[in-house]
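Source file my_file-v8.pdb; content: PDB, C-alpha atoms.
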```pdb
MODEL        1
ATOM      1  CA  MET A   1     -19.507  31.939  14.853
ATOM      2  CA  ARG A   2     -22.357  31.093  12.503
ATOM      3  CA  VAL A   3     -21.678  28.023  10.345
ATOM      4  CA  LEU A   4     -23.568  26.602   7.378
ATOM      5  CA  VAL A   5     -23.434  22.794   7.416
ATOM      6  CA  THR A   6     -24.527  21.019   4.239
ATOM      7  CA  GLY A   7     -25.415  17.354   4.582
ATOM      8  CA  ALA A   8     -26.216  18.024   8.231
ATOM      9  CA  ASN A   9     -28.306  14.841   8.531
ATOM     10  CA  GLY A  10     -25.494  12.591   7.359
ATOM     11  CA  ASN A  11     -23.152  10.333   9.274
ATOM     12  CA  ILE A  12     -20.490  13.010   9.811
ATOM     13  CA  GLY A  13     -22.946  15.910   9.589
ATOM     14  CA  ARG A  14     -24.814  14.970  12.756
ATOM     15  CA  ALA A  15     -21.567  14.701  14.708
ATOM     16  CA  VAL A  16     -20.362  18.044  13.327
ATOM     17  CA  CYS A  17     -23.598  19.766  14.349
ATOM     18  CA  ALA A  18     -23.281  18.328  17.856
ATOM     19  CA  ARG A  19     -19.688  19.563  18.118
ATOM     20  CA  LEU A  20     -20.571  23.024  16.827
ATOM     21  CA  ALA A  21     -23.372  23.286  19.372
ATOM     22  CA  ALA A  22     -20.990  22.240  22.151
ATOM     23  CA  GLU A  23     -18.658  25.039  21.039
ATOM     24  CA  GLN A  24     -21.565  27.547  21.182
ATOM     25  CA  ALA A  25     -21.580  28.086  17.414
ATOM     26  CA  SER A  26     -24.814  28.979  15.618
ATOM     27  CA  ILE A  27     -25.744  26.391  12.969
ATOM     28  CA  ALA A  28     -27.559  26.823   9.683
ATOM     29  CA  ALA A  29     -28.283  23.378   8.245
ATOM     30  CA  LEU A  30     -28.917  22.385   4.636
ATOM     31  CA  VAL A  31     -30.406  18.905   4.196
ATOM     32  CA  LEU A  32     -31.812  17.025   1.231
ATOM     33  CA  ALA A  33     -34.852  15.604   3.039
ATOM     34  CA  GLU A  34     -36.944  16.206   6.140
ATOM     35  CA  PRO A  35     -34.571  16.969   9.035
ATOM     36  CA  ALA A  36     -33.951  14.913  12.125
ATOM     37  CA  PRO A  37     -33.635  16.712  15.491
ATOM     38  CA  THR A  38     -30.295  18.493  15.779
ATOM     39  CA  PRO A  39     -29.076  21.676  17.463
ATOM     40  CA  ALA A  40     -29.320  23.742  14.254
ATOM     41  CA  SER A  41     -31.027  27.111  14.670
ATOM     42  CA  ALA A  42     -32.184  27.243  11.030
ATOM     43  CA  TRP A  43     -33.040  24.589   8.455
ATOM     44  CA  VAL A  44     -33.328  24.599   4.685
ATOM     45  CA  ILE A  45     -34.440  21.484   2.824
ATOM     46  CA  GLY A  46     -33.138  21.155  -0.717
ATOM     47  CA  ASP A  47     -30.307  20.241  -3.056
ATOM     48  CA  ALA A  48     -26.854  21.677  -2.348
ATOM     49  CA  GLY A  49     -26.367  21.856  -6.112
ATOM     50  CA  ASP A  50     -29.144  24.443  -6.465
ATOM     51  CA  PRO A  51     -27.969  28.088  -6.171
ATOM     52  CA  ASP A  52     -31.276  29.427  -4.812
ATOM     53  CA  THR A  53     -31.343  26.744  -2.120
ATOM     54  CA  VAL A  54     -27.833  27.575  -0.958
ATOM     55  CA  ARG A  55     -28.619  31.297  -0.919
ATOM     56  CA  ARG A  56     -31.633  30.599   1.299
ATOM     57  CA  ALA A  57     -29.475  28.465   3.581
ATOM     58  CA  LEU A  58     -26.960  31.304   3.916
ATOM     59  CA  GLY A  59     -29.769  33.491   5.247
ATOM     60  CA  ASP A  60     -28.527  36.685   6.863
ATOM     61  CA  GLY A  61     -24.943  35.548   6.503
ATOM     62  CA  VAL A  62     -22.569  32.953   7.880
ATOM     63  CA  ASP A  63     -18.931  33.095   8.900
ATOM     64  CA  ALA A  64     -17.901  29.695   7.551
ATOM     65  CA  VAL A  65     -19.234  26.667   5.694
ATOM     66  CA  VAL A  66     -18.800  22.929   6.288
ATOM     67  CA  HIS A  67     -19.719  21.178   3.046
ATOM     68  CA  LEU A  68     -20.509  17.513   3.634
ATOM     69  CA  ALA A  69     -23.442  16.947   1.246
ATOM     70  CA  ALA A  70     -22.597  14.243  -1.299
ATOM     71  CA  ILE A  71     -23.474  10.811  -2.625
ATOM     72  CA  PRO A  72     -20.871   8.932  -0.548
ATOM     73  CA  ALA A  73     -20.180   5.929  -2.789
ATOM     74  CA  PRO A  74     -20.315   5.081  -6.497
ATOM     75  CA  THR A  75     -22.778   2.267  -5.756
ATOM     76  CA  LEU A  76     -25.462   4.696  -4.512
ATOM     77  CA  GLY A  77     -26.367   6.211  -7.859
ATOM     78  CA  THR A  78     -25.585   6.091 -11.548
ATOM     79  CA  PRO A  79     -22.054   7.153 -12.487
ATOM     80  CA  ILE A  80     -23.325  10.497 -13.796
ATOM     81  CA  ASP A  81     -25.458  11.063 -10.690
ATOM     82  CA  VAL A  82     -22.484  10.443  -8.409
ATOM     83  CA  PHE A  83     -19.908  12.437 -10.359
ATOM     84  CA  ALA A  84     -22.070  15.299 -11.608
ATOM     85  CA  GLY A  85     -24.125  15.580  -8.419
ATOM     86  CA  ASN A  86     -21.120  15.715  -6.111
ATOM     87  CA  THR A  87     -19.066  18.112  -8.205
ATOM     88  CA  ARG A  88     -21.999  20.444  -8.908
ATOM     89  CA  ALA A  89     -22.831  20.659  -5.203
ATOM     90  CA  THR A  90     -19.255  21.469  -4.223
ATOM     91  CA  PHE A  91     -18.887  24.112  -6.930
ATOM     92  CA  ASN A  92     -22.227  25.671  -6.096
ATOM     93  CA  VAL A  93     -21.763  25.772  -2.318
ATOM     94  CA  LEU A  94     -18.285  27.294  -2.517
ATOM     95  CA  GLU A  95     -19.310  29.770  -5.240
ATOM     96  CA  GLU A  96     -22.382  31.014  -3.366
ATOM     97  CA  CYS A  97     -20.587  31.211  -0.036
ATOM     98  CA  ALA A  98     -17.651  33.103  -1.527
ATOM     99  CA  ARG A  99     -19.990  35.552  -3.260
ATOM    100  CA  ALA A 100     -21.735  36.062   0.087
ATOM    101  CA  GLY A 101     -18.458  37.026   1.726
ATOM    102  CA  VAL A 102     -17.593  33.758   3.488
ATOM    103  CA  ARG A 103     -13.839  33.330   3.787
ATOM    104  CA  ARG A 104     -13.439  29.935   5.506
ATOM    105  CA  ALA A 105     -14.644  26.539   4.266
ATOM    106  CA  VAL A 106     -14.161  22.921   5.246
ATOM    107  CA  ILE A 107     -15.100  20.312   2.653
ATOM    108  CA  ALA A 108     -15.379  16.546   2.884
ATOM    109  CA  SER A 109     -12.819  14.941   0.651
ATOM    110  CA  SER A 110     -11.993  11.268   1.102
ATOM    111  CA  TYR A 111      -9.289   8.649   1.376
ATOM    112  CA  SER A 112     -11.140   7.223  -1.640
ATOM    113  CA  ILE A 113      -9.564   9.957  -3.783
ATOM    114  CA  LEU A 114      -6.599   7.571  -4.030
ATOM    115  CA  GLY A 115      -8.778   5.349  -6.214
ATOM    116  CA  LEU A 116      -8.292   2.125  -4.261
ATOM    117  CA  PRO A 117     -11.565   1.426  -2.376
ATOM    118  CA  PHE A 118     -14.014   1.468  -5.298
ATOM    119  CA  ALA A 119     -11.781   0.465  -8.192
ATOM    120  CA  PRO A 120     -13.135  -2.342 -10.414
ATOM    121  CA  ARG A 121      -9.866  -4.242  -9.917
ATOM    122  CA  VAL A 122      -7.371  -4.647  -7.098
ATOM    123  CA  LEU A 123      -5.001  -1.703  -6.853
ATOM    124  CA  HIS A 124      -2.026  -1.087  -4.594
ATOM    125  CA  PRO A 125      -0.683   2.201  -3.204
ATOM    126  CA  ALA A 126       2.561   3.445  -4.721
ATOM    127  CA  TYR A 127       4.117   3.503  -1.258
ATOM    128  CA  TYR A 128       3.464   3.315   2.467
ATOM    129  CA  PRO A 129       2.918   5.227   4.625
ATOM    130  CA  ILE A 130       0.369   6.971   2.411
ATOM    131  CA  ASP A 131       0.553  10.764   2.491
ATOM    132  CA  GLU A 132      -0.972  13.709   0.623
ATOM    133  CA  SER A 133       1.524  13.281  -2.246
ATOM    134  CA  THR A 134       0.647   9.636  -2.928
ATOM    135  CA  PRO A 135      -0.215   9.237  -6.643
ATOM    136  CA  LEU A 136      -3.911   8.887  -7.416
ATOM    137  CA  GLN A 137      -5.179   5.828  -9.332
ATOM    138  CA  ILE A 138      -8.747   6.862 -10.041
ATOM    139  CA  GLU A 139     -11.019   4.393 -11.854
ATOM    140  CA  ASP A 140     -14.479   5.207 -10.417
ATOM    141  CA  PRO A 141     -16.836   8.219 -10.503
ATOM    142  CA  TYR A 142     -16.805   8.835  -6.744
ATOM    143  CA  ALA A 143     -13.027   9.103  -6.498
ATOM    144  CA  LEU A 144     -13.062  11.302  -9.596
ATOM    145  CA  SER A 145     -15.651  13.571  -7.989
ATOM    146  CA  LYS A 146     -13.365  14.050  -4.990
ATOM    147  CA  GLN A 147     -10.422  14.893  -7.222
ATOM    148  CA  VAL A 148     -12.554  17.489  -9.004
ATOM    149  CA  ASP A 149     -13.866  18.795  -5.658
ATOM    150  CA  GLU A 150     -10.299  19.470  -4.525
ATOM    151  CA  SER A 151      -9.523  21.149  -7.858
ATOM    152  CA  THR A 152     -12.674  23.251  -7.470
ATOM    153  CA  ALA A 153     -11.530  24.241  -3.991
ATOM    154  CA  ALA A 154      -8.148  25.276  -5.399
ATOM    155  CA  MET A 155      -9.857  27.481  -7.987
ATOM    156  CA  MET A 156     -12.140  29.063  -5.376
ATOM    157  CA  GLN A 157      -9.148  29.791  -3.184
ATOM    158  CA  ARG A 158      -7.353  31.551  -6.019
ATOM    159  CA  ARG A 159     -10.440  33.363  -7.331
ATOM    160  CA  TYR A 160     -11.953  34.555  -4.066
ATOM    161  CA  GLY A 161      -9.262  34.138  -1.423
ATOM    162  CA  LEU A 162     -11.454  31.521   0.280
ATOM    163  CA  ASP A 163      -9.373  29.541   2.782
ATOM    164  CA  ILE A 164     -10.280  25.854   2.515
ATOM    165  CA  VAL A 165      -9.394  22.650   4.328
ATOM    166  CA  ALA A 166     -10.290  19.461   2.430
ATOM    167  CA  LEU A 167     -10.431  16.626   4.957
ATOM    168  CA  ARG A 168      -9.720  13.250   3.350
ATOM    169  CA  PHE A 169     -11.845  11.098   5.647
ATOM    170  CA  PRO A 170     -11.234   7.326   5.745
ATOM    171  CA  PHE A 171     -13.998   4.869   6.698
ATOM    172  CA  THR A 172     -15.771   6.989   9.345
ATOM    173  CA  ALA A 173     -18.454   5.718  11.704
ATOM    174  CA  GLY A 174     -19.636   5.395  15.286
ATOM    175  CA  ALA A 175     -18.225   2.929  17.796
ATOM    176  CA  ASP A 176     -20.666   0.083  17.086
ATOM    177  CA  ARG A 177     -20.131   0.112  13.315
ATOM    178  CA  ILE A 178     -16.372   0.402  13.715
ATOM    179  CA  ALA A 179     -16.383  -2.568  16.102
ATOM    180  CA  ALA A 180     -18.470  -4.653  13.679
ATOM    181  CA  THR A 181     -16.179  -3.758  10.775
ATOM    182  CA  ALA A 182     -13.131  -4.580  12.884
ATOM    183  CA  ALA A 183     -14.553  -8.001  13.765
ATOM    184  CA  ALA A 184     -15.177  -8.771  10.085
ATOM    185  CA  THR A 185     -11.728  -7.464   9.155
ATOM    186  CA  ARG A 186     -10.024  -9.663  11.731
ATOM    187  CA  GLU A 187     -11.724 -12.702  10.196
ATOM    188  CA  ASP A 188     -10.739 -11.600   6.680
ATOM    189  CA  PRO A 189      -8.214  -8.726   6.446
ATOM    190  CA  SER A 190      -8.692  -8.524   2.679
ATOM    191  CA  ARG A 191     -12.071  -6.847   3.300
ATOM    192  CA  MET A 192     -10.389  -3.560   4.230
ATOM    193  CA  ALA A 193      -7.091  -3.913   2.367
ATOM    194  CA  ALA A 194      -8.133  -1.290  -0.199
ATOM    195  CA  ASP A 195      -8.802   1.090   2.706
ATOM    196  CA  SER A 196      -5.383   0.325   4.231
ATOM    197  CA  TRP A 197      -7.356  -0.962   7.275
ATOM    198  CA  SER A 198      -7.899   2.664   8.327
ATOM    199  CA  TYR A 199     -10.858   4.212  10.137
ATOM    200  CA  LEU A 200     -11.968   7.278  12.118
ATOM    201  CA  HIS A 201     -14.638   7.774  14.761
ATOM    202  CA  VAL A 202     -17.281  10.355  13.791
ATOM    203  CA  ASP A 203     -16.555  12.393  16.927
ATOM    204  CA  ASP A 204     -12.920  12.669  15.864
ATOM    205  CA  ALA A 205     -14.085  13.721  12.408
ATOM    206  CA  ALA A 206     -16.160  16.470  14.029
ATOM    207  CA  ALA A 207     -13.185  17.546  16.152
ATOM    208  CA  ALA A 208     -11.067  17.852  13.005
ATOM    209  CA  VAL A 209     -13.765  19.970  11.357
ATOM    210  CA  TRP A 210     -13.871  22.312  14.357
ATOM    211  CA  LEU A 211     -10.102  22.763  14.265
ATOM    212  CA  ALA A 212     -10.239  23.363  10.500
ATOM    213  CA  LEU A 213     -12.804  26.107  11.115
ATOM    214  CA  THR A 214     -10.949  27.828  13.918
ATOM    215  CA  ARG A 215      -7.204  27.403  13.439
ATOM    216  CA  PRO A 216      -5.367  30.232  11.626
ATOM    217  CA  VAL A 217      -5.152  28.519   8.232
ATOM    218  CA  THR A 218      -4.680  30.229   4.869
ATOM    219  CA  GLY A 219      -4.802  28.733   1.392
ATOM    220  CA  LEU A 220      -6.024  25.268   0.400
ATOM    221  CA  HIS A 221      -4.973  22.223   2.396
ATOM    222  CA  PRO A 222      -6.008  18.633   1.509
ATOM    223  CA  LEU A 223      -5.342  16.550   4.638
ATOM    224  CA  LEU A 224      -5.453  12.823   5.396
ATOM    225  CA  LEU A 225      -6.921  11.662   8.713
ATOM    226  CA  ALA A 226      -7.029   8.291  10.449
ATOM    227  CA  ALA A 227      -7.167   6.724  13.872
ATOM    228  CA  PRO A 228      -3.689   5.768  15.113
ATOM    229  CA  THR A 229      -4.269   2.002  14.826
ATOM    230  CA  THR A 230      -5.755  -0.269  12.170
ATOM    231  CA  LEU A 231      -8.948  -2.324  12.240
ATOM    232  CA  ALA A 232      -6.921  -5.535  12.036
ATOM    233  CA  ASP A 233      -5.368  -7.550  14.863
ATOM    234  CA  ARG A 234      -2.171  -8.333  12.957
ATOM    235  CA  SER A 235       0.907  -6.198  12.513
ATOM    236  CA  THR A 236       0.626  -3.591   9.792
ATOM    237  CA  MET A 237       3.885  -4.724   8.195
ATOM    238  CA  ASP A 238       2.524  -8.282   7.879
ATOM    239  CA  LEU A 239      -0.700  -6.990   6.320
ATOM    240  CA  ILE A 240       1.167  -4.915   3.759
ATOM    241  CA  ALA A 241       3.449  -7.831   2.875
ATOM    242  CA  GLU A 242       0.449 -10.101   2.249
ATOM    243  CA  TYR A 243      -2.058  -7.765   0.581
ATOM    244  CA  HIS A 244       0.127  -5.070  -1.005
ATOM    245  CA  PRO A 245       3.412  -6.899  -1.682
ATOM    246  CA  SER A 246       4.416  -4.613  -4.563
ATOM    247  CA  THR A 247       4.020  -1.421  -2.547
ATOM    248  CA  VAL A 248       7.237   0.392  -1.626
ATOM    249  CA  LEU A 249       7.770   0.750   2.109
ATOM    250  CA  ASN A 250       9.369   4.131   2.819
ATOM    251  CA  ARG A 251       9.820   3.429   6.512
ATOM    252  CA  PRO A 252       8.918   0.680   8.992
ATOM    253  CA  ILE A 253       5.430   0.881  10.540
ATOM    254  CA  PRO A 254       5.453  -0.468  14.087
ATOM    255  CA  GLY A 255       2.832  -2.787  15.548
ATOM    256  CA  ARG A 256      -0.739  -2.080  14.506
ATOM    257  CA  ASP A 257      -0.027   1.551  13.634
ATOM    258  CA  THR A 258      -2.002   2.976  10.728
ATOM    259  CA  PRO A 259      -0.133   3.107   7.411
ATOM    260  CA  ILE A 260      -1.634   6.584   6.849
ATOM    261  CA  ASP A 261       0.790   9.422   7.552
ATOM    262  CA  THR A 262      -1.221  11.938   9.596
ATOM    263  CA  GLY A 263       1.682  14.306  10.124
ATOM    264  CA  ALA A 264       0.244  17.072   7.928
ATOM    265  CA  VAL A 265      -3.053  17.344   9.814
ATOM    266  CA  GLU A 266      -1.214  17.210  13.131
ATOM    267  CA  ARG A 267       1.142  20.033  12.121
ATOM    268  CA  LEU A 268      -1.483  22.276  10.519
ATOM    269  CA  LEU A 269      -4.470  21.771  12.817
ATOM    270  CA  GLY A 270      -2.999  20.148  15.918
ATOM    271  CA  PHE A 271      -5.361  17.218  15.336
ATOM    272  CA  ARG A 272      -4.813  13.700  16.593
ATOM    273  CA  ALA A 273      -7.609  11.153  16.741
ATOM    274  CA  GLY A 274      -8.604  10.370  20.312
ATOM    275  CA  TRP A 275     -10.755   7.258  19.752
ATOM    276  CA  THR A 276      -9.037   3.993  18.912
ATOM    277  CA  LEU A 277      -9.710   0.267  19.015
TER
ENDMDL
END
```
Go through the file and emit its structure as structure tokens.
Amino acid sequence: MRVLVTGANGNIGRAVCARLAAEQASIAALVLAEPAPTPASAWVIGDAGDPDTVRRALGDGVDAVVHLAAIPAPTLGTPIDVFAGNTRATFNVLEECARAGVRRAVIASSYSILGLPFAPRVLHPAYYPIDESTPLQIEDPYALSKQVDESTAAMMQRRYGLDIVALRFPFTAGADRIAATAAATREDPSRMAADSWSYLHVDDAAAAVWLALTRPVTGLHPLLLAAPTTLADRSTMDLIAEYHPSTVLNRPIPGRDTPIDTGAVERLLGFRAGWTL
């Protein structure tokens, strides 16, 4: 398998490249700036929103694409940079890959599509556990860009028959950063209340990407992921009662279990996070 990875130098991108190499896949990497050492066999430096750049990155052809290139927060650019840059890149990458004959794509969506983490005011989920049908409450350009990315993916699937998995990553990092965030969260659980105290190790993110590339999946599938436990050291039910008291509880959540329903990704891809606090 030859895979184009956009955003290959990013937090999740580096882990994905390592996983692809371990699986003996050939990697074509598209990065915005000078590359760091990775197992990619070919590099292109440029903007994922530029058609010529993506065509060069496709080279002699790839079997699948993992699109991770994005501005990952609304605080890292102007609103128009974040929204227009992210949505242009997703449209362009999927369009060029589909025209080149690629029929499988994995794109980075986000838990932030719900609208909670970057909203200018405190918001609460409609219900817990959160699942793929939870109503969106978008009030920021990053969350809006992810909603449009998923709509773009739906159009590409209908137009070209491109099979796409949109992975809604939560806070995703390596062990040290997760541990530091957990320590801060245990001092003040409100810090991660908008994220529902969820997280995912980057190696688990890469494992999910590999499954999304290789499992027999057809159509478009937005999927939530999370580690099985929360970052907090209190019971999840207590946290919800204190920080999201108006949220409907559809079923009890035992112990420190995540309030993110990961049933869909488990059923479709056979994925369960292996790293937990």
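Close contacts of range 194-205 of chain A, defined as residues with an atom at most 7 Å away when counting only C-alpha atoms, with chain neighbours fewer than 3 positions off set aside, comprise Ile12, Ala15, Leu116, Pro117, Pro170, Phe171, Thr172, Ala173, Gly174, Ala175, Ala208, Val209, Ala226, Ala227, Thr230, Leu231, Ala232, Thr258, Pro259, Ala273, Gly274 and Trp275 of chain A.
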For the PyMOL selection byres ((chain A and resi 74) around 12), applied here, can you spell out every residue it catches as number ranges by chain?
A: 70-73, 75-86, 112, 115, 117-120, 139-146
The PyMOL selection byres ((chain A and resi 94) around 10) on the file shown: which residues, as a list in words?
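Selected by the PyMOL selection byres ((chain A and resi 94) around 10) in this file: Val54, Val65, Val66, His67, Ala89, Thr90, Phe91, Asn92, Val93, Glu95, Glu96, Cys97, Ala98, Arg99, Ala100, Val102, Arg103, Arg104, Ala105, Val106, Ile107, Thr152, Ala153, Met156, Gln157, Tyr160, Leu162 and Ile164 of chain A.
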Expansion of the PyMOL selection byres ((chain A and resi 6) around 6) into residues, as a VMD selection string:
chain A and resid 5 7 to 8 29 to 30 67 to 69
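Using all atoms listed in the file, the shortest contact distance between Ile253 in chain A and any of A:Arg158, A:Met192, A:Val122, A:Pro129 is found at A:Pro129.
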Pick from A:Ser110, A:Thr247, A:Gln147, A:Thr276, whichever lies nearest to Ala182 in chain A using all atoms listed in the file
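Among A:Ser110, A:Thr247, A:Gln147, A:Thr276, it is A:Thr276 that comes nearest to Ala182 in chain A.
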Of the listed residues A:Arg55, A:Arg215, A:Arg88, A:Arg177, that which approaches Leu277 in chain A most closely, counting all atoms listed in the file
A:Arg177
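Proximity ranking of A:Ile240, A:Leu224, A:Leu58, A:Val165 relative to Ala264 in chain A places A:Leu224 first, based on all atoms listed in the file.
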When distances are computed from all atoms listed in the file, which of A:Leu268, A:Leu213, A:Ile113, A:Ile45 shows the smallest separation from Pro125 in chain A?
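Under the stated criterion, the closest residue is A:Ile113.
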Closest of A:Val217, A:Met237, A:Ala22, A:Ala33 to Gly255 in chain A - atom-to-atom distances counting only C-alpha atoms
A:Met237
Just how far from CA of Arg2 in chain A is CA of Cys17 in chain A, in Å to one decimal?
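So the two atoms, CA of Cys17 in chain A and CA of Arg2 in chain A, lie 11.5 Å apart.
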Could you please determine the separation between CA of Ala28 in chain A and CA of Gly270 in chain A in Å, to one decimal place?
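Interatomic distance here is 26.2 Å.
In this structure, CA of Ala212 in chain A sits 9.0 Å away from CA of Ala166 in chain A.
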For Tyr128 in chain A, find every residue with an atom within 12 Å (counting only C-alpha atoms), except residues of its own chain fewer than 5 positions away, and show them as number ranges by chain.
A: 133-135, 196, 236-237, 239-241, 244-253, 257-261
